Amino acid sequence: MTTTRWLGRQGFGAMRLRDGAESGSDRDPIAVINAALDVGLIMIDTADAYENEELVGGAIRSRRDEVLLASKFGLVWTGDVAGGFDVRADPAYVQTACERSLRRLNVDVIDLYYLHHRSDQVPIEATVEAMAALVEQGKVRRLGLSNVTAEDLRRATTVHPIAALQHEWSLTQREIEHQLVPAATELGVTVVAHSPTRHGELHRASSPDRSYRDGLIKTLHAIAEAHGVSPGQVALAWVHHRELAHAVPVVPLPGTTSVAHVRANAAAADITLSRDEVQRLDSWGSPNQGVDPAPQ
C-alpha cells in the first residue's frame, strides 16, 4: 500500500448499518460489508456513537486481514434532545473509550482511530497526547481527526502525526475547501470525505428543495447519460477528482445499507470525468458553501 493509497481508493461508511435485516437480502448488513470487501474496498469506518461496533466486528472477523478498520470516539448522545450530543475528549475518557471499542469490535488493534468531534473544553493537544499513548500501547495504529478546524489540525500535528482528516465533502458541501484542505495538503494528511453524495441526496432523480440546485441536478443527469452511469455515481466521481484539483490524497467515504449500492459506489472510482465536465460541476458550488449541521 503506497503512502497516498494506504486507505484504498474509497472507503465504506458503516454508520447506518444495524442488526435485524433479513438474512441473505440485499440489505443484510453482513452481506453489505462482505460486498464492500469483495469489490476491493479495504477501509470499513464505524464509531462508538453509531452503536454498531459489535456488528461490524462480527462481520469482519473472518476477513480481518483484508480490512483497515477505522473507528471514532468522543460523541456521547444525550437523551433529552433529539440528535443532541456532548463531546468527551479528556485524556481519561480517550483511554476508556478505546478499550471499550476494542472489546465491542473484538479486535486487538484499531487501524485508524479518530477523535469524532472537536471539544471546546479540552485542548486538542491534550486529547492527541492521550491518543498517542494508545499507539505506544499497541491498541491503535494511526490517528485521525474528524469535524475539526484547520487550527485544530495544525496544533494536533505538533503532538503526533495525524494520518487522516474526516469531514463532509460533496458537490453541495464544499466548506472544507476554504481552510481545511489547504492545511491537510500542507501537512500531508489524507482527507476522508464523508457524505460525498450529500446523504444520498445526489443519488435521487428529482431536484432537492433548494432551487439553486436545479441546474446541478440537470448537469449531473447530462454527464451521467454521457457515461452510461447514474447521477449519484457522477457526484461521487467528482469527489474522487478533488485529489487532482487540490494535490492531496482524497478518499471518498460513501455509506449505504444496500449491496447493490456498495457495488455502484465502488464503480464510481473508475469514472474519468473530462476537464470540461469537472468545470461544469464546479460551477454549481462554492468553497464557502454551508456548514455541516451534524457530525458523521
# chains A, B, ... in the order shown; residues from 1 in each chain; ligands from 1
>>> residues_around(residues="Val76 (chain A)", least_positions_apart="2", cutoff="10 Å", atoms="only C-alpha atoms", output="short mmCIF file (atom, residue, chain, number, x, y, z; two decimals) with C-alpha atoms, in the first residue's frame")
data_model
loop_
_atom_site.label_atom_id
_atom_site.label_comp_id
_atom_site.auth_asym_id
_atom_site.auth_seq_id
_atom_site.Cartn_x
_atom_site.Cartn_y
_atom_site.Cartn_z
CA ASP A 48 -18.80 4.05 19.13
CA ALA A 49 -21.58 6.60 18.63
CA PHE A 73 -14.69 8.22 19.96
CA GLY A 74 -15.84 11.39 21.65
CA THR A 78 -27.91 12.91 25.14
CA GLY A 79 -31.42 11.62 25.70
CA GLY A 84 -28.20 16.08 20.63
CA PHE A 85 -24.73 15.10 21.80
CA ASP A 86 -21.96 16.01 24.18
CA VAL A 87 -18.25 15.79 23.38
CA ARG A 88 -15.81 13.90 25.62
#
>>> residues_around(residues="Ala266 (chain A)", least_positions_apart="6", cutoff="10 Å", atoms="only C-alpha atoms", output="PyMOL selection string")
chain A and resi 9-12+36+39-41+233+236-237+252+254
>>> select_by_dssp(residues="region 74-277 of chain A", states="helix (DSSP H, G or I)", output="PDB file with C-alpha atoms, in the first residue's frame")
ATOM      1  CA  PRO A  91      -7.424  12.039  28.377  1.00  0.00           C
ATOM      2  CA  ALA A  92      -9.049   9.593  30.812  1.00  0.00           C
ATOM      3  CA  TYR A  93     -12.023   9.166  28.515  1.00  0.00           C
ATOM      4  CA  VAL A  94      -9.778   8.599  25.482  1.00  0.00           C
ATOM      5  CA  GLN A  95      -8.283   5.517  27.117  1.00  0.00           C
ATOM      6  CA  THR A  96     -11.610   4.197  28.349  1.00  0.00           C
ATOM      7  CA  ALA A  97     -13.375   4.728  25.029  1.00  0.00           C
ATOM      8  CA  CYS A  98     -10.674   2.907  23.084  1.00  0.00           C
ATOM      9  CA  GLU A  99     -10.681  -0.101  25.389  1.00  0.00           C
ATOM     10  CA  ARG A 100     -14.475  -0.335  25.119  1.00  0.00           C
ATOM     11  CA  SER A 101     -14.339  -0.147  21.326  1.00  0.00           C
ATOM     12  CA  LEU A 102     -11.683  -2.859  21.173  1.00  0.00           C
ATOM     13  CA  ARG A 103     -13.939  -5.130  23.211  1.00  0.00           C
ATOM     14  CA  ARG A 104     -17.024  -4.413  21.105  1.00  0.00           C
ATOM     15  CA  LEU A 105     -15.131  -4.832  17.843  1.00  0.00           C
ATOM     16  CA  ILE A 124      -6.622  19.404  21.185  1.00  0.00           C
ATOM     17  CA  GLU A 125      -3.022  18.827  22.294  1.00  0.00           C
ATOM     18  CA  ALA A 126      -4.175  17.052  25.467  1.00  0.00           C
ATOM     19  CA  THR A 127      -6.540  14.806  23.533  1.00  0.00           C
ATOM     20  CA  VAL A 128      -3.962  13.876  20.900  1.00  0.00           C
ATOM     21  CA  GLU A 129      -1.329  13.192  23.550  1.00  0.00           C
ATOM     22  CA  ALA A 130      -3.711  10.651  25.097  1.00  0.00           C
ATOM     23  CA  MET A 131      -4.431   9.188  21.658  1.00  0.00           C
ATOM     24  CA  ALA A 132      -0.698   8.919  21.002  1.00  0.00           C
ATOM     25  CA  ALA A 133      -0.392   6.857  24.167  1.00  0.00           C
ATOM     26  CA  LEU A 134      -2.763   4.338  22.565  1.00  0.00           C
ATOM     27  CA  VAL A 135      -0.329   3.992  19.666  1.00  0.00           C
ATOM     28  CA  GLU A 136       2.509   3.352  22.107  1.00  0.00           C
ATOM     29  CA  ALA A 150      -7.677  23.851  10.352  1.00  0.00           C
ATOM     30  CA  GLU A 151      -6.156  25.323  13.514  1.00  0.00           C
ATOM     31  CA  ASP A 152      -7.024  22.140  15.434  1.00  0.00           C
ATOM     32  CA  LEU A 153      -5.301  20.064  12.764  1.00  0.00           C
ATOM     33  CA  ARG A 154      -2.136  22.144  12.832  1.00  0.00           C
ATOM     34  CA  ARG A 155      -1.961  22.131  16.627  1.00  0.00           C
ATOM     35  CA  ALA A 156      -2.582  18.382  16.782  1.00  0.00           C
ATOM     36  CA  THR A 157       0.299  17.590  14.432  1.00  0.00           C
ATOM     37  CA  GLU A 175     -16.795  24.472   3.023  1.00  0.00           C
ATOM     38  CA  ILE A 176     -13.826  22.137   3.599  1.00  0.00           C
ATOM     39  CA  GLU A 177     -12.013  23.633   0.610  1.00  0.00           C
ATOM     40  CA  LEU A 180      -9.128  22.543   5.955  1.00  0.00           C
ATOM     41  CA  VAL A 181      -7.971  21.196   2.596  1.00  0.00           C
ATOM     42  CA  PRO A 182      -5.053  23.639   2.316  1.00  0.00           C
ATOM     43  CA  ALA A 183      -3.985  22.666   5.839  1.00  0.00           C
ATOM     44  CA  ALA A 184      -4.213  18.952   5.019  1.00  0.00           C
ATOM     45  CA  THR A 185      -2.220  19.492   1.833  1.00  0.00           C
ATOM     46  CA  GLU A 186       0.452  21.406   3.726  1.00  0.00           C
ATOM     47  CA  LEU A 187       0.715  18.747   6.441  1.00  0.00           C
ATOM     48  CA  GLU A 201     -29.474  13.428  -1.976  1.00  0.00           C
ATOM     49  CA  LEU A 202     -27.446  13.438  -5.191  1.00  0.00           C
ATOM     50  CA  HIS A 203     -28.459   9.852  -5.969  1.00  0.00           C
ATOM     51  CA  SER A 211     -33.982  25.826  -6.422  1.00  0.00           C
ATOM     52  CA  TYR A 212     -30.375  26.870  -6.967  1.00  0.00           C
ATOM     53  CA  ARG A 213     -29.529  23.164  -7.207  1.00  0.00           C
ATOM     54  CA  ASP A 214     -31.869  22.525 -10.125  1.00  0.00           C
ATOM     55  CA  GLY A 215     -29.087  23.280 -12.573  1.00  0.00           C
ATOM     56  CA  LEU A 216     -26.699  20.979 -10.733  1.00  0.00           C
ATOM     57  CA  ILE A 217     -29.136  18.082 -10.944  1.00  0.00           C
ATOM     58  CA  LYS A 218     -29.611  18.663 -14.663  1.00  0.00           C
ATOM     59  CA  THR A 219     -25.837  18.773 -15.164  1.00  0.00           C
ATOM     60  CA  LEU A 220     -25.392  15.543 -13.189  1.00  0.00           C
ATOM     61  CA  HIS A 221     -28.009  13.831 -15.340  1.00  0.00           C
ATOM     62  CA  ALA A 222     -26.428  15.037 -18.578  1.00  0.00           C
ATOM     63  CA  ILE A 223     -22.942  13.854 -17.615  1.00  0.00           C
ATOM     64  CA  ALA A 224     -24.317  10.581 -16.260  1.00  0.00           C
ATOM     65  CA  GLU A 225     -26.084   9.878 -19.553  1.00  0.00           C
ATOM     66  CA  ALA A 226     -22.866  10.530 -21.479  1.00  0.00           C
ATOM     67  CA  HIS A 227     -21.002   7.994 -19.343  1.00  0.00           C
ATOM     68  CA  PRO A 231     -26.122  10.888 -11.368  1.00  0.00           C
ATOM     69  CA  GLY A 232     -25.044   9.723  -7.931  1.00  0.00           C
ATOM     70  CA  GLN A 233     -22.038   7.948  -9.396  1.00  0.00           C
ATOM     71  CA  VAL A 234     -21.029  11.140 -11.190  1.00  0.00           C
ATOM     72  CA  ALA A 235     -21.327  13.107  -7.935  1.00  0.00           C
ATOM     73  CA  LEU A 236     -19.096  10.550  -6.240  1.00  0.00           C
ATOM     74  CA  ALA A 237     -16.618  10.591  -9.137  1.00  0.00           C
ATOM     75  CA  TRP A 238     -16.362  14.384  -8.712  1.00  0.00           C
ATOM     76  CA  VAL A 239     -15.176  13.864  -5.131  1.00  0.00           C
ATOM     77  CA  HIS A 240     -12.552  11.409  -6.394  1.00  0.00           C
ATOM     78  CA  ARG A 242     -10.762  16.529  -5.855  1.00  0.00           C
ATOM     79  CA  GLU A 243      -7.427  14.778  -5.350  1.00  0.00           C
ATOM     80  CA  LEU A 244      -6.179  16.184  -8.656  1.00  0.00           C
ATOM     81  CA  ALA A 245      -7.705  19.597  -8.025  1.00  0.00           C
ATOM     82  CA  HIS A 246      -6.107  20.056  -4.591  1.00  0.00           C
ATOM     83  CA  VAL A 259     -25.256  -4.465  -1.568  1.00  0.00           C
ATOM     84  CA  ALA A 260     -26.247  -3.031  -4.954  1.00  0.00           C
ATOM     85  CA  HIS A 261     -25.341   0.488  -3.859  1.00  0.00           C
ATOM     86  CA  VAL A 262     -21.969  -0.682  -2.484  1.00  0.00           C
ATOM     87  CA  ARG A 263     -21.109  -2.017  -5.926  1.00  0.00           C
ATOM     88  CA  ALA A 264     -22.351   1.107  -7.697  1.00  0.00           C
ATOM     89  CA  ASN A 265     -20.389   3.368  -5.353  1.00  0.00           C
ATOM     90  CA  ALA A 266     -17.199   1.382  -5.846  1.00  0.00           C
ATOM     91  CA  ALA A 267     -17.611   1.546  -9.630  1.00  0.00           C
ATOM     92  CA  ALA A 268     -17.711   5.358  -9.445  1.00  0.00           C
ATOM     93  CA  ALA A 269     -13.982   5.355  -8.654  1.00  0.00           C
ATOM     94  CA  ASP A 270     -13.332   4.230 -12.236  1.00  0.00           C
ATOM     95  CA  ARG A 275     -11.838  18.736 -17.582  1.00  0.00           C
ATOM     96  CA  ASP A 276     -14.946  20.340 -19.070  1.00  0.00           C
ATOM     97  CA  GLU A 277     -17.245  18.060 -17.063  1.00  0.00           C
TER      98      GLU A 277
END
>>> residues_around(residues="Ile30 (chain A)", least_positions_apart="3", cutoff="9 Å", atoms="only C-alpha atoms", output="MDAnalysis selection string")
chainID A and resid 19 23:24 27 33:35 55:56 58:60
>>> closest_residue(among="A:Val251, A:Val140, A:Ile42, A:Val191", to="Val107 (chain A)", atoms="only C-alpha atoms")
A:Val140
>>> residues_around(residues="Ala164 (chain A)", least_positions_apart="4", cutoff="6 Å", atoms="only C-alpha atoms", output="number ranges by chain")
A: 144, 189-191
>>> select_by_dssp(residues="region 112-199 of chain A", states="strand (DSSP E or B)", output="mmCIF file with C-alpha atoms, in the first residue's frame")
data_model
loop_
_atom_site.group_PDB
_atom_site.id
_atom_site.type_symbol
_atom_site.label_atom_id
_atom_site.label_comp_id
_atom_site.auth_asym_id
_atom_site.auth_seq_id
_atom_site.Cartn_x
_atom_site.Cartn_y
_atom_site.Cartn_z
ATOM 1 C CA LEU A 112 -7.253 4.254 12.383
ATOM 2 C CA TYR A 113 -8.706 5.912 15.480
ATOM 3 C CA TYR A 114 -10.404 9.293 15.239
ATOM 4 C CA LEU A 115 -11.498 11.978 17.616
ATOM 5 C CA VAL A 140 -4.147 1.898 17.757
ATOM 6 C CA ARG A 141 -2.007 2.122 14.615
ATOM 7 C CA ARG A 142 -2.757 5.614 13.265
ATOM 8 C CA LEU A 143 -4.566 8.711 14.490
ATOM 9 C CA GLY A 144 -7.267 10.739 12.789
ATOM 10 C CA LEU A 145 -9.400 13.801 13.458
ATOM 11 C CA SER A 146 -12.999 14.387 12.406
ATOM 12 C CA ALA A 164 -6.370 11.281 8.239
ATOM 13 C CA LEU A 165 -8.839 14.124 8.423
ATOM 14 C CA GLN A 166 -12.517 13.199 8.056
ATOM 15 C CA HIS A 167 -15.003 15.854 7.006
ATOM 16 C CA GLU A 168 -18.053 16.222 4.813
ATOM 17 C CA SER A 170 -19.636 16.889 -1.747
ATOM 18 C CA GLN A 173 -20.993 20.924 0.733
ATOM 19 C CA THR A 190 -5.165 12.222 3.797
ATOM 20 C CA VAL A 191 -8.678 13.652 3.517
ATOM 21 C CA VAL A 192 -11.540 11.201 4.084
ATOM 22 C CA ALA A 193 -14.652 12.731 2.524
ATOM 23 C CA HIS A 194 -17.792 11.545 4.277
#
>>> closest_residue(among="A:Arg198, A:Arg5, A:Gly188, A:Asp26", to="Ala247 (chain A)", atoms="only C-alpha atoms")
A:Gly188
